[in-house]
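Below is one structure, written out as structure tokens; comments come after it.
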Amino acid sequence: MDKQPIKFYQTGTFTVGNRLLDQNQRSVQANMTRTNSLNSGHRACQGCGEALGARYAIDAAMRAANNQVIAVNATGCLEVFSTPYPETSWQIPWIHSLFGNAAAVATGVAAAMKVKGRREVRVIAQGGDGGTTDIGFGCLSGMFERNDDVLYICYDNQAYMNTGVQRSSATPPAARTATTMPVGEEPGAPFGQGKNVPLIAMAHGIPYVATASVAYLRDLEAKVRKAMSVRGARYIHILVPCPLGWGAPSQDTIRLARLAVETGIFPLFEAEYGEVTHSHKIRHRVPVEDYLKLQKRFAHLFGKQPAVETIARIQEIADRNIRKFDLLEDR
């Protein structure tokens with residue numbers, strides 16, 4: 001993806017002022033012609049990062065595909081808050097799959113469109129980290145291995161938020177969940193476990209893999225556009241903070257999503273056929289404490305006796321990402 005040359009930032013923020021830009025440079029969400037694929041009236045929590053991520057991603061995909069999109073949605077938060085029977089907030093053809101087979105159902109839809117000669121209709125599968133990294137992992141790997149013409153989007157809030165905040169294989173080390181309590185010799189989620197699905201997707205050699213964050217809307221939209229311009233299996237992994245599960249104020253969703261990137265905890269990059277082609281440089285690098293302290297799921301690290309060694313281990317993960325993906329601007 002080409003770097004975006006836009007440098008007009010509002011005073012005191014990192015937000016691009018759309019009013020300063022030509023119409024063709026404005027984000028999809030700033031345009032009155034956006035489709036509102038995930039419409040208002042749903043039942044997401046205040047500050048839900050997943051609701052933002054889904055609206056941003058699907059609206060961008062709709063514009064890129066001339067509004068010819070079918071979405072398959074795994075069971076999870078996104079499905080539950082957007083479609084309480086008999087209501088729906090989706091304004092597109094939308095199918096609810098089981099928790100673990102969204103990739104397989106989307107593959108079938110794509111095959112049906114191919115048989116019918118409807119190649120202009122694009123198929124998107126979407127699910128949370130539980131339905132992607134755990135329950136749906138086998139179906140997802142099969143979709144990658146066959147190179148099916150589906151874009152899979154994972155909205156990663158780093159736990160099973162819909163069922164009570166249980167640990168998933170995307171839960172970060174030391175994080176408190178209902179199943180990884182902040183007690184014992186190594187409180188919180190264990191180190192050395194979990195799955196990095198973007199890297200696993202790259203190992204399949206599929207045409208396009210990217211990570212994105214709801215704090216970087218233009219980057220997210222550009223990656224969705226790029227994915228929609230490609231045929232074959234594609235994967236986008238979007239970080240979507242959850243105020244409830246992370247134990248953070250609802251107004252801090254975007255702040256947390258940005259800090260995850262600026263610390264190096266969540267690197268933003270693109271890859272094609274297994275090779276990294278572009279990484280989003282960190283503008284203002286910050287220590288991991290600035291990110292962790294805002295979340296109650298890490299509160300046990302900052303008690304009367306701070307867990308200095310644990311915090312240092314998390315910092316090393318961030319430092320390793322910065323080196324691996326070359327995330328710092330050349331000075």
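The way I read the labels, and the way they are meant: chains A, B, ... in the order of the structure tokens, residue 1 as the first residue of every chain, and ligand 1 as the first ligand shown, with later ones counted on from there.
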Rows by chain and residue number, segment 150-233 of chain A within 9 Å of segment 75-90 of chain A, shortest pair, only C-alpha atoms, as a tab-separated table:
residue	atom	partner	partner_atom	distance
A:Tyr155	CA	A:Leu78	CA	8.8
A:Tyr160	CA	A:Gly76	CA	8.1
A:Met161	CA	A:Cys77	CA	7.0
A:Asn162	CA	A:Cys77	CA	5.1
A:Thr163	CA	A:Gly76	CA	8.4
Q | Shell of 9 Å around segment 38-55 of chain A, only C-alpha atoms, local chain residues under 4 positions omitted, as a ChimeraX atom specification | A | /A:29,59-60,77-78,80-84,87-92,126,128,153,155-157,213-214,217,220,238-244,249-254,257
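Rounded to one decimal, atom CA of Glu270 of chain A and atom CA of Ala222 of chain A lie 10.9 Å from each other.
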Q) Neighbours of Val261 of chain A within 9 Å (only C-alpha atoms; same-chain residues fewer than 4 positions away dropped), as a VMD selection string? A) chain A and resid 213 215 256 to 257 265 to 268 280 282 285
Could you write out that same residue set with N, CA, C and O atoms as an mmCIF file, in the first residue's frame?
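Everything below was put into out31.cif:
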data_model
loop_
_atom_site.group_PDB
_atom_site.id
_atom_site.type_symbol
_atom_site.label_atom_id
_atom_site.label_comp_id
_atom_site.auth_asym_id
_atom_site.auth_seq_id
_atom_site.Cartn_x
_atom_site.Cartn_y
_atom_site.Cartn_z
ATOM 1 N N SER A 213 -6.158 -1.242 12.907
ATOM 2 C CA SER A 213 -6.634 -0.780 14.199
ATOM 3 C C SER A 213 -7.731 0.246 13.990
ATOM 4 O O SER A 213 -7.666 1.052 13.052
ATOM 5 N N ALA A 215 -8.111 2.799 15.558
ATOM 6 C CA ALA A 215 -7.560 4.133 15.804
ATOM 7 C C ALA A 215 -6.964 4.754 14.547
ATOM 8 O O ALA A 215 -6.686 5.951 14.532
ATOM 9 N N LEU A 256 -6.778 3.584 23.514
ATOM 10 C CA LEU A 256 -6.130 2.291 23.741
ATOM 11 C C LEU A 256 -5.681 1.656 22.437
ATOM 12 O O LEU A 256 -4.585 1.078 22.348
ATOM 13 N N ALA A 257 -6.527 1.742 21.420
ATOM 14 C CA ALA A 257 -6.167 1.166 20.125
ATOM 15 C C ALA A 257 -4.926 1.844 19.559
ATOM 16 O O ALA A 257 -4.077 1.199 18.922
ATOM 17 N N ILE A 265 3.065 -3.092 20.751
ATOM 18 C CA ILE A 265 2.338 -4.294 21.160
ATOM 19 C C ILE A 265 1.554 -4.874 19.988
ATOM 20 O O ILE A 265 1.466 -6.098 19.809
ATOM 21 N N PHE A 266 0.951 -4.005 19.167
ATOM 22 C CA PHE A 266 0.154 -4.453 18.025
ATOM 23 C C PHE A 266 0.706 -3.800 16.759
ATOM 24 O O PHE A 266 0.343 -2.676 16.420
ATOM 25 N N PRO A 267 1.614 -4.471 16.050
ATOM 26 C CA PRO A 267 2.207 -3.880 14.846
ATOM 27 C C PRO A 267 1.227 -3.856 13.675
ATOM 28 O O PRO A 267 0.466 -4.808 13.474
ATOM 29 N N LEU A 268 1.243 -2.774 12.940
ATOM 30 C CA LEU A 268 0.423 -2.663 11.734
ATOM 31 C C LEU A 268 1.302 -2.937 10.523
ATOM 32 O O LEU A 268 2.317 -2.270 10.317
ATOM 33 N N HIS A 280 3.449 0.067 9.140
ATOM 34 C CA HIS A 280 3.043 1.411 9.550
ATOM 35 C C HIS A 280 4.003 1.891 10.630
ATOM 36 O O HIS A 280 4.095 1.304 11.707
ATOM 37 N N ILE A 282 5.739 3.891 13.659
ATOM 38 C CA ILE A 282 5.294 4.493 14.905
ATOM 39 C C ILE A 282 5.707 5.961 14.919
ATOM 40 O O ILE A 282 6.883 6.286 14.750
ATOM 41 N N ARG A 285 6.716 6.836 19.882
ATOM 42 C CA ARG A 285 6.870 5.603 20.640
ATOM 43 C C ARG A 285 6.686 5.860 22.131
ATOM 44 O O ARG A 285 7.201 6.832 22.688
#
Q | DSSP strand (DSSP E or B) residues within segment 11-114 of chain A, listed as a list in words | A |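 The residues of segment 11-114 of chain A classed as strand (DSSP E or B) are Val16, Leu38, Val69, Ile70, Ala71, Val72, Asn73, Trp90, Trp94, Ile95 and His96 of chain A.
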Q. Can you list, as a PyMOL selection string, every residue of segment 50-166 of chain A that DSSP puts in alpha helix (DSSP H)?
A. chain A and resi 50-64+77-82+102-115+129+137-146
Q) Near Leu151 of chain A, within 10 Å and counting only C-alpha atoms, which residues show up once chain neighbours fewer than 3 positions away are dropped, as a ChimeraX atom specification? A) /A:61,71,103,106-107,122-126,143,148,154,208-209,224,227-228,230-236
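Neighbouring residues of Phe269 of chain A at 8 Å or closer, counting only C-alpha atoms and skipping chain neighbours under 3 positions away, are Ala210, Thr211, Ala212, Val276, Thr277, His278, Ser279, His280 and Phe325 of chain A.
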Q: Find the distance between atom CA of Ala299 of chain A and atom CA of Glu185 of chain A and write it in Å to one decimal.
A: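 Value for the atom CA of Ala299 of chain A-atom CA of Glu185 of chain A distance: 15.7 Å.
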Q.
Show me, as a list in words, the residues that have an atom within 9 Å of Val197 of chain A when counting only C-alpha atoms, minus same-chain residues fewer than 3 positions from it.
A. Thr132, Thr133, Phe137, Ala170, Ile200, Ala201, Met202 and His237 of chain A
(Q) I'd like the neighbourhood of Phe302 of chain A as JSON, numbers by chain, where a residue qualifies if any of its atoms comes within 9 Å (using only C-alpha atoms), though same-chain residues fewer than 5 positions away should be ignored. (A) {"A": [293, 307, 308]}
Residues just named, written with N, CA, C and O atoms as a PDB file, in the first residue's frame:
ATOM      1  N   LYS A 293      -1.535   0.518  32.049  1.00  0.00           N
ATOM      2  CA  LYS A 293      -2.113   1.152  33.232  1.00  0.00           C
ATOM      3  C   LYS A 293      -3.560   1.584  33.037  1.00  0.00           C
ATOM      4  O   LYS A 293      -4.295   1.752  34.011  1.00  0.00           O
ATOM      5  N   ALA A 307       4.829  -5.430  39.399  1.00  0.00           N
ATOM      6  CA  ALA A 307       5.437  -6.626  38.799  1.00  0.00           C
ATOM      7  C   ALA A 307       6.428  -6.193  37.729  1.00  0.00           C
ATOM      8  O   ALA A 307       6.178  -6.293  36.520  1.00  0.00           O
ATOM      9  N   VAL A 308       7.577  -5.709  38.182  1.00  0.00           N
ATOM     10  CA  VAL A 308       8.559  -5.111  37.280  1.00  0.00           C
ATOM     11  C   VAL A 308       9.037  -6.110  36.226  1.00  0.00           C
ATOM     12  O   VAL A 308       9.155  -5.773  35.040  1.00  0.00           O
TER      13      VAL A 308
END
**Q.** Between atom CA of Trp246 of chain A and atom CA of His96 of chain A - distance in Å to one decimal
**A.**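 Result for atom CA of His96 of chain A versus atom CA of Trp246 of chain A: 26.4 Å, one decimal.
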Q: Determine the nearest neighbour of Ala74 of chain A from the options A:Met113, A:Val121, A:Ala57, A:Leu140, counting only C-alpha atoms.
A: A:Leu140
